[in-house]
$ cat coords.csv   # CSV, C-alpha atoms
chain,number,residue,atom,x,y,z
N,1,MET,CA,-21.4,6.4,-40.7
N,2,ILE,CA,-23.4,4.7,-37.9
N,3,ALA,CA,-21.3,1.5,-38.3
N,4,ALA,CA,-18.1,3.5,-37.8
N,5,ASP,CA,-19.5,4.9,-34.5
N,6,HIS,CA,-20.0,1.4,-33.2
N,7,ALA,CA,-16.7,0.0,-34.4
N,8,HIS,CA,-14.6,-1.8,-31.8
N,9,PRO,CA,-12.4,0.7,-29.9
N,10,MET,CA,-9.2,-1.2,-30.7
N,11,SER,CA,-9.9,-0.4,-34.4
N,12,LYS,CA,-9.9,3.3,-33.7
N,13,PRO,CA,-6.8,5.1,-35.0
N,14,ALA,CA,-4.0,5.9,-32.6
N,15,ASP,CA,-4.5,9.6,-33.1
N,16,GLN,CA,-7.6,9.3,-30.9
N,17,PHE,CA,-6.0,7.2,-28.2
N,18,THR,CA,-2.6,9.0,-28.0
N,19,PRO,CA,-4.1,12.4,-26.9
N,20,LEU,CA,-6.1,10.7,-24.2
N,21,VAL,CA,-3.0,9.0,-22.8
N,22,ASP,CA,-1.0,12.2,-23.1
N,23,ALA,CA,-3.7,14.2,-21.3
N,24,HIS,CA,-4.2,11.7,-18.4
N,25,TYR,CA,-1.1,9.6,-17.9
N,26,THR,CA,0.7,11.8,-15.4
N,27,SER,CA,-2.3,12.3,-13.1
N,28,LEU,CA,-3.3,8.6,-13.3
N,29,TYR,CA,0.3,7.5,-12.5
N,30,ARG,CA,0.5,9.8,-9.5
N,31,PHE,CA,-2.8,8.5,-8.2
N,32,ALA,CA,-1.7,4.9,-8.8
N,33,TYR,CA,1.6,5.6,-7.1
N,34,SER,CA,-0.2,7.1,-4.1
N,35,LEU,CA,-2.2,3.9,-3.8
N,36,ALA,CA,0.4,1.2,-4.8
N,37,ARG,CA,3.5,2.9,-3.3
N,38,ARG,CA,5.7,1.1,-5.8
N,39,PRO,CA,6.6,2.5,-9.2
N,40,ALA,CA,6.3,-0.8,-11.0
N,41,ASP,CA,2.9,-1.5,-9.5
N,42,ALA,CA,1.8,2.1,-10.3
N,43,SER,CA,2.9,1.6,-14.0
N,44,ASP,CA,1.0,-1.7,-14.2
N,45,LEU,CA,-2.2,-0.1,-12.9
N,46,VAL,CA,-2.0,2.8,-15.4
N,47,GLN,CA,-1.2,0.4,-18.2
N,48,GLN,CA,-4.1,-1.8,-17.2
N,49,THR,CA,-6.4,1.2,-17.0
N,50,PHE,CA,-5.6,2.3,-20.5
N,51,TYR,CA,-6.0,-1.3,-21.8
N,52,ILE,CA,-9.4,-1.4,-20.3
N,53,TRP,CA,-10.2,2.0,-21.9
N,54,ALA,CA,-9.0,0.6,-25.2
N,55,THR,CA,-11.3,-2.4,-24.9
N,56,LYS,CA,-14.3,-0.9,-23.1
N,57,GLY,CA,-14.1,2.9,-23.4
N,58,HIS,CA,-16.6,2.9,-26.2
N,59,SER,CA,-19.3,2.2,-23.7
N,60,LEU,CA,-18.9,5.7,-22.1
N,61,ARG,CA,-21.7,7.8,-23.4
N,62,ASP,CA,-20.6,11.2,-22.0
N,63,ASN,CA,-17.1,12.1,-23.2
N,64,ARG,CA,-16.9,14.8,-20.4
N,65,LYS,CA,-16.6,12.0,-17.9
N,66,VAL,CA,-13.5,10.3,-19.4
N,67,LYS,CA,-11.3,11.5,-16.5
N,68,THR,CA,-13.7,10.2,-13.9
N,69,TRP,CA,-14.0,6.9,-15.8
N,70,LEU,CA,-10.3,6.5,-15.9
N,71,PHE,CA,-9.8,7.2,-12.2
N,72,THR,CA,-12.7,4.9,-11.3
N,73,THR,CA,-11.2,2.1,-13.4
N,74,LEU,CA,-7.8,2.5,-12.0
N,75,TYR,CA,-9.1,2.5,-8.4
N,76,ARG,CA,-11.2,-0.6,-9.1
N,77,GLU,CA,-8.2,-2.4,-10.6
N,78,PHE,CA,-6.2,-1.5,-7.5
N,79,LEU,CA,-8.9,-2.9,-5.2
N,80,ARG,CA,-9.2,-6.0,-7.4
N,81,GLY,CA,-5.5,-6.6,-7.1
N,82,ARG,CA,-5.6,-6.1,-3.3
N,83,ARG,CA,-8.5,-8.5,-2.9
N,84,ARG,CA,-6.6,-11.1,-5.1
N,85,ASP,CA,-3.5,-10.7,-3.0
N,86,GLN,CA,-5.4,-10.5,0.3
N,87,ARG,CA,-2.8,-8.3,1.8
N,88,SER,CA,-5.0,-5.9,3.7
N,89,SER,CA,-7.9,-5.5,6.0
N,90,TYR,CA,-10.5,-2.9,5.2
N,91,LEU,CA,-11.7,-0.2,7.6
N,92,GLU,CA,-15.3,-1.6,7.4
N,93,ASP,CA,-14.1,-4.9,8.9
N,94,MET,CA,-12.6,-3.2,11.9
N,95,PRO,CA,-14.6,-2.7,15.1
N,96,PRO,CA,-16.1,0.8,15.4
N,97,SER,CA,-13.6,1.9,18.1
N,98,ALA,CA,-10.7,1.1,15.7
N,99,GLN,CA,-12.2,3.1,12.9
N,100,GLU,CA,-11.9,6.5,14.5
N,101,PRO,CA,-8.4,8.0,14.8
N,102,THR,CA,-7.6,9.5,18.1
N,103,THR,CA,-8.4,13.2,18.4
N,104,GLU,CA,-5.9,14.2,21.0
N,105,PRO,CA,-4.5,17.7,20.4
N,106,THR,CA,-1.3,17.8,18.4
N,107,PRO,CA,1.2,20.6,18.0
N,108,GLU,CA,1.1,22.1,14.5
N,109,PRO,CA,4.1,23.7,13.0
N,110,GLU,CA,3.6,26.6,10.7
N,111,ARG,CA,4.7,24.7,7.6
N,112,TYR,CA,5.5,21.2,6.5
N,113,ASP,CA,7.9,20.1,3.9
N,114,ALA,CA,6.2,18.7,0.8
N,115,GLN,CA,8.2,15.5,0.9
N,116,LEU,CA,7.3,15.0,4.6
N,117,VAL,CA,3.6,15.4,3.8
N,118,LEU,CA,3.7,13.0,0.8
N,119,ALA,CA,5.6,10.5,2.9
N,120,ALA,CA,3.0,10.8,5.7
N,121,LEU,CA,0.2,10.5,3.1
N,122,SER,CA,1.7,7.2,1.9
N,123,GLU,CA,1.6,5.8,5.4
N,124,ILE,CA,-2.0,6.4,6.3
N,125,LYS,CA,-4.7,3.8,5.6
N,126,GLU,CA,-5.6,3.3,1.9
N,127,VAL,CA,-9.3,3.9,2.7
N,128,PHE,CA,-8.3,7.5,3.6
N,129,ARG,CA,-5.4,7.9,1.3
N,130,ALA,CA,-7.4,7.5,-1.9
N,131,PRO,CA,-10.0,10.3,-1.2
N,132,LEU,CA,-7.3,12.6,0.2
N,133,SER,CA,-5.1,12.1,-2.9
N,134,LEU,CA,-8.0,12.6,-5.3
N,135,PHE,CA,-9.2,15.7,-3.4
N,136,TYR,CA,-5.9,17.5,-2.7
N,137,LEU,CA,-3.6,16.2,-5.4
N,138,LYS,CA,-6.0,15.7,-8.3
N,139,ASP,CA,-8.5,18.5,-7.5
N,140,LEU,CA,-11.6,16.3,-7.9
N,141,SER,CA,-14.9,17.4,-6.3
N,142,TYR,CA,-16.7,15.4,-3.7
N,143,GLU,CA,-19.1,14.1,-6.3
N,144,GLU,CA,-16.3,13.1,-8.7
N,145,ILE,CA,-14.5,11.3,-5.9
N,146,ALA,CA,-17.7,9.5,-4.9
N,147,GLU,CA,-18.2,8.4,-8.5
N,148,ALA,CA,-14.5,7.3,-8.9
N,149,LEU,CA,-14.5,5.3,-5.6
N,150,ASP,CA,-18.1,4.1,-6.0
N,151,ILE,CA,-19.1,5.4,-2.5
N,152,PRO,CA,-21.7,7.9,-1.3
N,153,VAL,CA,-20.7,11.6,-1.1
N,154,GLY,CA,-21.3,11.5,2.6
N,155,THR,CA,-18.7,8.7,2.9
N,156,VAL,CA,-16.3,10.8,0.9
N,157,MET,CA,-16.7,13.7,3.3
N,158,SER,CA,-16.3,11.4,6.3
N,159,ARG,CA,-13.2,9.8,5.0
N,160,LEU,CA,-11.6,13.1,4.1
N,161,SER,CA,-12.3,14.3,7.6
N,162,ARG,CA,-10.9,11.2,9.2
N,163,GLY,CA,-8.0,11.0,6.8
N,164,LYS,CA,-7.0,14.6,7.5
N,165,ALA,CA,-7.1,13.9,11.3
N,166,GLU,CA,-5.0,10.8,10.8
N,167,LEU,CA,-2.6,12.7,8.5
N,168,ARG,CA,-2.4,15.7,10.9
N,169,GLN,CA,-1.6,13.3,13.8
N,170,LEU,CA,1.0,11.4,11.8
N,171,LEU,CA,2.7,14.7,10.7
N,172,ALA,CA,2.8,16.1,14.2
N,173,HIS,CA,4.4,12.9,15.4
N,174,GLN,CA,6.9,12.9,12.6
N,175,PHE,CA,7.6,16.5,13.0
N,176,THR,CA,8.3,16.3,16.8
N,177,SER,CA,10.2,12.9,16.6
N,178,ALA,CA,12.4,14.0,13.7
N,179,ASP,CA,13.6,17.2,15.5
N,180,ARG,CA,12.8,19.2,12.4
N,181,THR,CA,12.8,22.9,12.5
N,182,VAL,CA,11.1,25.2,10.0
N,183,ILE,CA,13.5,27.9,8.9
N,184,PRO,CA,11.7,30.9,7.4
N,185,PHE,CA,13.1,32.8,4.5
N,186,PRO,CA,14.7,36.1,5.5
N,187,ALA,CA,12.6,39.1,4.9
N,188,PHE,CA,13.8,41.2,2.0
N,189,LYS,CA,13.9,44.9,1.9
N,190,LYS,CA,13.0,46.9,-1.2
N,191,GLY,CA,16.5,46.4,-2.9
N,192,GLY,CA,16.2,42.7,-2.8
N,193,ARG,CA,18.7,42.3,0.1
N,194,PRO,CA,18.1,41.0,3.6
$ encode --input "coords.csv" --output "structure tokens"
Amino acid sequence: MIAADHAHPMSKPADQFTPLVDAHYTSLYRFAYSLARRPADASDLVQQTFYIWATKGHSLRDNRKVKTWLFTTLYREFLRGRRRDQRSSYLEDMPPSAQEPTTEPTPEPERYDAQLVLAALSEIKEVFRAPLSLFYLKDLSYEEIAEALDIPVGTVMSRLSRGKAELRQLLAHQFTSADRTVIPFPAFKKGGRP
């Protein structure tokens, strides 16, 4: 029985791997898409994450941390690909004055369209987009985000704050420049008619 517990993960039956994929594929794909911004790249990241799980997942001792392990692995694969392609500069490499988004007051409409918010989220810096996506779209705690991104909890909180400020500013700019108006639903009376 002990030998079976230490068997190579690729030798495990598909009935153990398939439920894992079914349970986490959608949320991993959404996170990957929020990072990569292209469906093909997002699919590649998710596939690579599950491949790594199949080859190294046996090293995870606490099965309650599977979700965090998968998100961490996906994020690290994304960063590895970015470093390899050398397409970006990181926030830490910028001068301190460029790290802080401006905090000028912005007009805030009552509501934003979900598509508008997701489009704006895809335009902010990746260093802010990852924690915002994990916090608001995946409902991970500060601690889970810190573990997934391999950064301190204080950095998570800081990046969430800065990211929200940048997102708020971008949304206000998009809202005012696109001449969008929010049309409230009509109030209904008791009979279900306006």
$ residues_around --input "coords.csv" --residues "stretch 114-119 of chain N" --least-positions-apart "6" --cutoff "10 Å" --atoms "all atoms listed in the file" --output "ChimeraX atom specification"
/N:34,133,167-168,170-171,174-175
$ closest_residue --input "coords.csv" --among "N:Thr49, N:Gln16, N:Ser161, N:Thr73" --to "N:Ala148" --atoms "all atoms listed in the file"
N:Thr73
$ atom_distance --input "coords.csv" --atom1 "atom CA of N:Tyr75" --atom2 "atom CA of N:Leu149"
6.7 Å
$ atom_distance --input "coords.csv" --atom1 "atom CA of N:Leu121" --atom2 "atom CA of N:Phe78"
17.2 Å
$ closest_residue --input "coords.csv" --among "N:Asp150, N:Thr55, N:Pro39, N:Ser27" --to "N:Leu79" --atoms "all atoms listed in the file"
N:Asp150
$ atom_distance --input "coords.csv" --atom1 "atom CA of N:Leu134" --atom2 "atom CA of N:Phe71"
8.9 Å
